[in-house]
$ cat protein-v6.txt   # compact mmCIF, N, CA and C atoms
# COMPACT_ATOMS: atom_id res chain seq x y z
N MET A 1 8.89 -3.57 7.16
CA MET A 1 8.71 -2.20 7.60
C MET A 1 8.52 -2.22 9.11
N SER A 2 9.25 -1.37 9.80
CA SER A 2 9.14 -1.33 11.26
C SER A 2 7.82 -0.66 11.67
N THR A 3 7.47 -0.82 12.93
CA THR A 3 6.25 -0.21 13.46
C THR A 3 6.30 1.30 13.32
N LEU A 4 7.42 1.90 13.62
CA LEU A 4 7.54 3.35 13.52
C LEU A 4 7.45 3.82 12.07
N GLU A 5 8.08 3.09 11.16
CA GLU A 5 7.96 3.43 9.74
C GLU A 5 6.52 3.32 9.27
N ARG A 6 5.84 2.27 9.69
CA ARG A 6 4.43 2.08 9.32
C ARG A 6 3.57 3.20 9.90
N ALA A 7 3.87 3.64 11.11
CA ALA A 7 3.12 4.73 11.73
C ALA A 7 3.23 6.00 10.90
N TYR A 8 4.43 6.34 10.47
CA TYR A 8 4.61 7.53 9.65
C TYR A 8 3.95 7.36 8.28
N PHE A 9 4.02 6.17 7.72
CA PHE A 9 3.38 5.92 6.43
C PHE A 9 1.87 6.12 6.54
N LEU A 10 1.26 5.55 7.57
CA LEU A 10 -0.19 5.70 7.76
C LEU A 10 -0.57 7.15 8.04
N ALA A 11 0.23 7.83 8.84
CA ALA A 11 -0.06 9.24 9.15
C ALA A 11 -0.07 10.07 7.87
N ARG A 12 0.87 9.80 6.99
CA ARG A 12 0.96 10.56 5.73
C ARG A 12 -0.09 10.14 4.70
N SER A 13 -0.69 8.99 4.89
CA SER A 13 -1.64 8.47 3.90
C SER A 13 -2.96 9.22 3.87
N GLY A 14 -3.30 9.92 4.95
CA GLY A 14 -4.57 10.62 5.02
C GLY A 14 -5.72 9.73 5.44
N GLU A 15 -5.43 8.50 5.85
CA GLU A 15 -6.46 7.54 6.22
C GLU A 15 -6.86 7.59 7.69
N VAL A 16 -6.02 8.19 8.53
CA VAL A 16 -6.31 8.23 9.96
C VAL A 16 -6.39 9.68 10.42
N ALA A 17 -7.38 9.96 11.27
CA ALA A 17 -7.65 11.34 11.69
C ALA A 17 -6.76 11.81 12.82
N ASP A 18 -6.34 10.89 13.68
CA ASP A 18 -5.59 11.30 14.87
C ASP A 18 -4.74 10.15 15.38
N LEU A 19 -4.03 10.44 16.45
CA LEU A 19 -3.10 9.46 17.02
C LEU A 19 -3.82 8.22 17.54
N ALA A 20 -5.00 8.40 18.10
CA ALA A 20 -5.76 7.25 18.62
C ALA A 20 -6.13 6.30 17.49
N GLN A 21 -6.60 6.82 16.37
CA GLN A 21 -6.93 5.97 15.22
C GLN A 21 -5.68 5.32 14.66
N LEU A 22 -4.60 6.06 14.65
CA LEU A 22 -3.33 5.53 14.14
C LEU A 22 -2.87 4.35 14.98
N LYS A 23 -2.89 4.50 16.31
CA LYS A 23 -2.49 3.40 17.19
C LYS A 23 -3.40 2.20 17.00
N SER A 24 -4.67 2.44 16.93
CA SER A 24 -5.63 1.35 16.75
C SER A 24 -5.36 0.60 15.45
N ARG A 25 -5.14 1.33 14.39
CA ARG A 25 -4.87 0.71 13.09
C ARG A 25 -3.60 -0.12 13.12
N LEU A 26 -2.56 0.41 13.75
CA LEU A 26 -1.29 -0.33 13.86
C LEU A 26 -1.48 -1.63 14.63
N LYS A 27 -2.24 -1.57 15.72
CA LYS A 27 -2.47 -2.78 16.52
C LYS A 27 -3.30 -3.80 15.74
N ILE A 28 -4.30 -3.33 15.00
CA ILE A 28 -5.12 -4.24 14.18
C ILE A 28 -4.25 -4.93 13.13
N GLU A 29 -3.30 -4.19 12.59
CA GLU A 29 -2.40 -4.74 11.57
C GLU A 29 -1.34 -5.67 12.15
N GLY A 30 -1.30 -5.77 13.47
CA GLY A 30 -0.37 -6.69 14.11
C GLY A 30 0.99 -6.11 14.44
N CYS A 31 1.12 -4.80 14.38
CA CYS A 31 2.39 -4.17 14.75
C CYS A 31 2.62 -4.35 16.24
N ARG A 32 3.87 -4.52 16.60
CA ARG A 32 4.22 -4.79 17.99
C ARG A 32 4.74 -3.54 18.69
N ALA A 33 4.55 -3.49 19.99
CA ALA A 33 5.08 -2.44 20.86
C ALA A 33 4.63 -1.05 20.42
N VAL A 34 3.40 -0.94 19.94
CA VAL A 34 2.90 0.33 19.43
C VAL A 34 2.95 1.41 20.51
N ASP A 35 2.40 1.13 21.67
CA ASP A 35 2.37 2.13 22.74
C ASP A 35 3.78 2.56 23.17
N ALA A 36 4.68 1.61 23.28
CA ALA A 36 6.04 1.93 23.70
C ALA A 36 6.78 2.75 22.64
N LEU A 37 6.60 2.38 21.38
CA LEU A 37 7.31 3.10 20.32
C LEU A 37 6.75 4.49 20.06
N LEU A 38 5.49 4.70 20.37
CA LEU A 38 4.88 6.01 20.15
C LEU A 38 4.73 6.79 21.46
N ALA A 39 5.45 6.39 22.49
CA ALA A 39 5.32 7.02 23.80
C ALA A 39 6.08 8.35 23.90
N THR A 40 7.09 8.52 23.10
CA THR A 40 7.89 9.74 23.16
C THR A 40 7.05 10.94 22.74
N TYR A 41 7.10 11.99 23.54
CA TYR A 41 6.28 13.18 23.30
C TYR A 41 6.50 13.74 21.89
N SER A 42 7.75 13.85 21.47
CA SER A 42 8.03 14.44 20.17
C SER A 42 7.49 13.58 19.03
N VAL A 43 7.55 12.28 19.16
CA VAL A 43 7.02 11.39 18.13
C VAL A 43 5.50 11.52 18.08
N ARG A 44 4.85 11.51 19.24
CA ARG A 44 3.38 11.66 19.29
C ARG A 44 2.94 12.96 18.66
N ARG A 45 3.58 14.06 19.02
CA ARG A 45 3.21 15.37 18.48
C ARG A 45 3.44 15.43 16.97
N HIS A 46 4.54 14.87 16.51
CA HIS A 46 4.84 14.88 15.08
C HIS A 46 3.80 14.07 14.30
N LEU A 47 3.49 12.87 14.78
CA LEU A 47 2.50 12.04 14.11
C LEU A 47 1.11 12.68 14.14
N GLN A 48 0.75 13.29 15.28
CA GLN A 48 -0.54 13.97 15.39
C GLN A 48 -0.64 15.11 14.38
N ALA A 49 0.43 15.87 14.25
CA ALA A 49 0.44 16.99 13.30
C ALA A 49 0.32 16.49 11.86
N ILE A 50 0.99 15.41 11.54
CA ILE A 50 0.90 14.84 10.19
C ILE A 50 -0.52 14.36 9.92
N CYS A 51 -1.11 13.65 10.88
CA CYS A 51 -2.49 13.17 10.72
C CYS A 51 -3.44 14.34 10.48
N ALA A 52 -3.32 15.38 11.28
CA ALA A 52 -4.21 16.53 11.16
C ALA A 52 -4.06 17.22 9.81
N ALA A 53 -2.85 17.27 9.30
CA ALA A 53 -2.60 17.95 8.04
C ALA A 53 -3.02 17.15 6.81
N THR A 54 -3.02 15.83 6.94
CA THR A 54 -3.26 15.00 5.75
C THR A 54 -4.59 14.27 5.73
N PHE A 55 -5.32 14.24 6.85
CA PHE A 55 -6.55 13.45 6.93
C PHE A 55 -7.61 13.95 5.96
N HIS A 56 -8.16 13.01 5.21
CA HIS A 56 -9.27 13.27 4.30
C HIS A 56 -10.39 12.32 4.66
N PRO A 57 -11.49 12.83 5.25
CA PRO A 57 -12.58 11.94 5.62
C PRO A 57 -13.16 11.26 4.38
N PRO A 58 -13.59 10.03 4.54
CA PRO A 58 -14.17 9.33 3.38
C PRO A 58 -15.43 10.07 2.91
N GLU A 59 -15.59 10.11 1.59
CA GLU A 59 -16.77 10.76 1.04
C GLU A 59 -18.00 9.93 1.33
N THR A 60 -19.07 10.62 1.72
CA THR A 60 -20.32 9.91 1.95
C THR A 60 -21.18 10.05 0.71
N THR A 61 -21.89 9.00 0.41
CA THR A 61 -22.78 9.04 -0.73
C THR A 61 -24.20 9.06 -0.21
N ASP A 62 -24.94 10.08 -0.56
CA ASP A 62 -26.33 10.19 -0.16
C ASP A 62 -27.17 9.25 -0.99
N THR A 63 -28.12 8.63 -0.34
CA THR A 63 -29.09 7.84 -1.09
C THR A 63 -30.05 8.82 -1.75
N PRO A 64 -30.76 8.43 -2.79
CA PRO A 64 -31.67 9.36 -3.46
C PRO A 64 -32.67 10.01 -2.51
N SER A 65 -33.19 9.27 -1.53
CA SER A 65 -34.17 9.85 -0.61
C SER A 65 -33.52 10.90 0.29
N GLU A 66 -32.27 10.68 0.73
CA GLU A 66 -31.58 11.66 1.54
C GLU A 66 -31.29 12.92 0.74
N ALA A 67 -30.92 12.76 -0.52
CA ALA A 67 -30.64 13.91 -1.37
C ALA A 67 -31.91 14.72 -1.61
N ALA A 68 -33.02 14.04 -1.80
CA ALA A 68 -34.30 14.72 -2.01
C ALA A 68 -34.72 15.48 -0.76
N GLU A 69 -34.54 14.86 0.41
CA GLU A 69 -34.88 15.54 1.66
C GLU A 69 -34.02 16.77 1.86
N SER A 70 -32.74 16.66 1.53
CA SER A 70 -31.84 17.79 1.68
C SER A 70 -32.24 18.92 0.74
N ALA A 71 -32.57 18.60 -0.49
CA ALA A 71 -32.99 19.61 -1.46
C ALA A 71 -34.29 20.26 -1.03
N GLN A 72 -35.22 19.46 -0.51
CA GLN A 72 -36.50 19.99 -0.07
C GLN A 72 -36.29 20.93 1.12
N HIS A 73 -35.42 20.57 2.02
CA HIS A 73 -35.13 21.41 3.18
C HIS A 73 -34.52 22.74 2.73
N ASP A 74 -33.61 22.68 1.76
CA ASP A 74 -32.97 23.90 1.26
C ASP A 74 -33.99 24.83 0.62
N GLU A 75 -34.94 24.30 -0.11
CA GLU A 75 -35.96 25.12 -0.78
C GLU A 75 -36.91 25.75 0.23
N SER A 76 -37.25 25.01 1.28
CA SER A 76 -38.22 25.54 2.25
C SER A 76 -37.60 26.58 3.16
N SER A 77 -36.29 26.60 3.30
CA SER A 77 -35.65 27.56 4.19
C SER A 77 -35.38 28.89 3.52
N THR A 78 -35.65 29.02 2.23
CA THR A 78 -35.40 30.30 1.54
C THR A 78 -36.62 31.16 1.48

$ encode --input "protein-v6.txt" --output "structure tokens"
Amino acid sequence: MSTLERAYFLARSGEVADLAQLKSRLKIEGCRAVDALLATYSVRRHLQAICAATFHPPETTDTPSEAAESAQHDESST
């Protein structure tokens, strides 16, 4: 898979929030010429739009103490 193909795959995956994260991920994975291949304005804008549309932040799991504090705060504010 080429660097550009991988960039579009990652953008569509919902794993990266923006172009900066996408570039970083590609470089970590060992893709070559990331900056040069993603330098074109239209490619950057397209990838950014895909990232924005598909990004799903990882779910956070509250520890029992955090959940209790949150519930206590909600009760006291009413």

$ closest_residue --input "protein-v6.txt" --among "A:Leu37, A:Ala17, A:Leu26, A:Val43" --to "His56 (chain A)" --atoms "all atoms listed in the file"
A:Ala17

$ closest_residue --input "protein-v6.txt" --among "A:Ser24, A:Thr40, A:Asp35, A:Leu47" --to "Tyr8 (chain A)" --atoms "only N, CA and C atoms"
A:Leu47

$ residues_around --input "protein-v6.txt" --residues "region 10-14 of chain A" --least-positions-apart "3" --cutoff "6 Å" --atoms "only N, CA and C atoms" --output "JSON, numbers by chain"
{"A": [5, 6, 7, 50, 51, 54, 55, 56]}

$ closest_residue --input "protein-v6.txt" --among "A:Ala52, A:Lys23, A:Val16, A:Thr60" --to "Ala36 (chain A)" --atoms "only C-alpha atoms"
A:Lys23

$ atom_distance --input "protein-v6.txt" --atom1 "CA of Thr3 (chain A)" --atom2 "atom N of Arg44 (chain A)"
13.1 Å

$ atom_distance --input "protein-v6.txt" --atom1 "CA of Asp18 (chain A)" --atom2 "atom N of Ser2 (chain A)"
20.2 Å

$ atom_distance --input "protein-v6.txt" --atom1 "CA of Glu59 (chain A)" --atom2 "CA of Gly30 (chain A)"
27.3 Å

$ closest_residue --input "protein-v6.txt" --among "A:Ser42, A:Phe9, A:Leu22, A:Glu15" --to "Pro58 (chain A)" --atoms "only N, CA and C atoms"
A:Glu15

$ build_atoms --input "protein-v6.txt" --residues "region 8-19 of chain A" --atoms "all heavy atoms" --output "mmCIF file, in the coordinates of the input"
data_model
loop_
_atom_site.group_PDB
_atom_site.id
_atom_site.type_symbol
_atom_site.label_atom_id
_atom_site.label_comp_id
_atom_site.auth_asym_id
_atom_site.auth_seq_id
_atom_site.Cartn_x
_atom_site.Cartn_y
_atom_site.Cartn_z
ATOM 1 N N TYR A 8 4.430 6.340 10.470
ATOM 2 C CA TYR A 8 4.610 7.530 9.650
ATOM 3 C C TYR A 8 3.950 7.360 8.280
ATOM 4 O O TYR A 8 3.352 8.299 7.754
ATOM 5 C CB TYR A 8 6.094 7.875 9.508
ATOM 6 C CG TYR A 8 6.595 8.701 10.669
ATOM 7 C CD1 TYR A 8 7.175 8.100 11.776
ATOM 8 C CD2 TYR A 8 6.444 10.080 10.667
ATOM 9 C CE1 TYR A 8 7.603 8.859 12.850
ATOM 10 C CE2 TYR A 8 6.874 10.849 11.734
ATOM 11 C CZ TYR A 8 7.451 10.232 12.821
ATOM 12 O OH TYR A 8 7.860 10.991 13.892
ATOM 13 N N PHE A 9 4.020 6.170 7.720
ATOM 14 C CA PHE A 9 3.380 5.920 6.430
ATOM 15 C C PHE A 9 1.870 6.120 6.540
ATOM 16 O O PHE A 9 1.258 6.793 5.699
ATOM 17 C CB PHE A 9 3.700 4.491 5.954
ATOM 18 C CG PHE A 9 3.055 4.147 4.655
ATOM 19 C CD1 PHE A 9 3.629 4.511 3.453
ATOM 20 C CD2 PHE A 9 1.843 3.463 4.624
ATOM 21 C CE1 PHE A 9 3.022 4.211 2.248
ATOM 22 C CE2 PHE A 9 1.222 3.153 3.424
ATOM 23 C CZ PHE A 9 1.814 3.527 2.232
ATOM 24 N N LEU A 10 1.260 5.550 7.570
ATOM 25 C CA LEU A 10 -0.190 5.700 7.760
ATOM 26 C C LEU A 10 -0.570 7.150 8.040
ATOM 27 O O LEU A 10 -1.588 7.639 7.541
ATOM 28 C CB LEU A 10 -0.678 4.818 8.908
ATOM 29 C CG LEU A 10 -0.869 3.348 8.588
ATOM 30 C CD1 LEU A 10 -1.202 2.572 9.864
ATOM 31 C CD2 LEU A 10 -1.972 3.163 7.563
ATOM 32 N N ALA A 11 0.230 7.830 8.840
ATOM 33 C CA ALA A 11 -0.060 9.240 9.150
ATOM 34 C C ALA A 11 -0.070 10.070 7.870
ATOM 35 O O ALA A 11 -0.946 10.910 7.668
ATOM 36 C CB ALA A 11 0.957 9.780 10.142
ATOM 37 N N ARG A 12 0.870 9.800 6.990
ATOM 38 C CA ARG A 12 0.960 10.560 5.730
ATOM 39 C C ARG A 12 -0.090 10.140 4.700
ATOM 40 O O ARG A 12 -0.347 10.870 3.754
ATOM 41 C CB ARG A 12 2.352 10.398 5.127
ATOM 42 C CG ARG A 12 3.431 11.083 5.909
ATOM 43 C CD ARG A 12 4.787 10.957 5.217
ATOM 44 N NE ARG A 12 5.835 11.469 6.066
ATOM 45 C CZ ARG A 12 6.783 10.721 6.622
ATOM 46 N NH1 ARG A 12 6.826 9.427 6.420
ATOM 47 N NH2 ARG A 12 7.691 11.276 7.389
ATOM 48 N N SER A 13 -0.690 8.990 4.890
ATOM 49 C CA SER A 13 -1.640 8.470 3.900
ATOM 50 C C SER A 13 -2.960 9.220 3.870
ATOM 51 O O SER A 13 -3.698 9.128 2.894
ATOM 52 C CB SER A 13 -1.919 6.987 4.184
ATOM 53 O OG SER A 13 -2.745 6.849 5.334
ATOM 54 N N GLY A 14 -3.300 9.920 4.950
ATOM 55 C CA GLY A 14 -4.570 10.620 5.020
ATOM 56 C C GLY A 14 -5.720 9.730 5.440
ATOM 57 O O GLY A 14 -6.876 10.138 5.417
ATOM 58 N N GLU A 15 -5.430 8.500 5.850
ATOM 59 C CA GLU A 15 -6.460 7.540 6.220
ATOM 60 C C GLU A 15 -6.860 7.590 7.690
ATOM 61 O O GLU A 15 -7.899 7.069 8.060
ATOM 62 C CB GLU A 15 -6.001 6.118 5.892
ATOM 63 C CG GLU A 15 -5.779 5.877 4.419
ATOM 64 C CD GLU A 15 -5.244 4.485 4.143
ATOM 65 O OE1 GLU A 15 -5.409 3.590 4.990
ATOM 66 O OE2 GLU A 15 -4.635 4.297 3.074
ATOM 67 N N VAL A 16 -6.020 8.190 8.530
ATOM 68 C CA VAL A 16 -6.310 8.230 9.960
ATOM 69 C C VAL A 16 -6.390 9.680 10.420
ATOM 70 O O VAL A 16 -5.587 10.517 10.042
ATOM 71 C CB VAL A 16 -5.268 7.451 10.790
ATOM 72 C CG1 VAL A 16 -5.384 5.965 10.539
ATOM 73 C CG2 VAL A 16 -3.860 7.910 10.497
ATOM 74 N N ALA A 17 -7.380 9.960 11.270
ATOM 75 C CA ALA A 17 -7.650 11.340 11.690
ATOM 76 C C ALA A 17 -6.760 11.810 12.820
ATOM 77 O O ALA A 17 -6.462 12.991 12.935
ATOM 78 C CB ALA A 17 -9.106 11.482 12.100
ATOM 79 N N ASP A 18 -6.340 10.890 13.680
ATOM 80 C CA ASP A 18 -5.590 11.300 14.870
ATOM 81 C C ASP A 18 -4.740 10.150 15.380
ATOM 82 O O ASP A 18 -4.749 9.051 14.838
ATOM 83 C CB ASP A 18 -6.524 11.821 15.958
ATOM 84 C CG ASP A 18 -7.607 10.816 16.342
ATOM 85 O OD1 ASP A 18 -7.380 9.598 16.219
ATOM 86 O OD2 ASP A 18 -8.695 11.253 16.748
ATOM 87 N N LEU A 19 -4.030 10.440 16.450
ATOM 88 C CA LEU A 19 -3.100 9.460 17.020
ATOM 89 C C LEU A 19 -3.820 8.220 17.540
ATOM 90 O O LEU A 19 -3.317 7.100 17.385
ATOM 91 C CB LEU A 19 -2.279 10.111 18.138
ATOM 92 C CG LEU A 19 -1.075 9.338 18.621
ATOM 93 C CD1 LEU A 19 -0.076 9.105 17.492
ATOM 94 C CD2 LEU A 19 -0.394 10.071 19.759
#
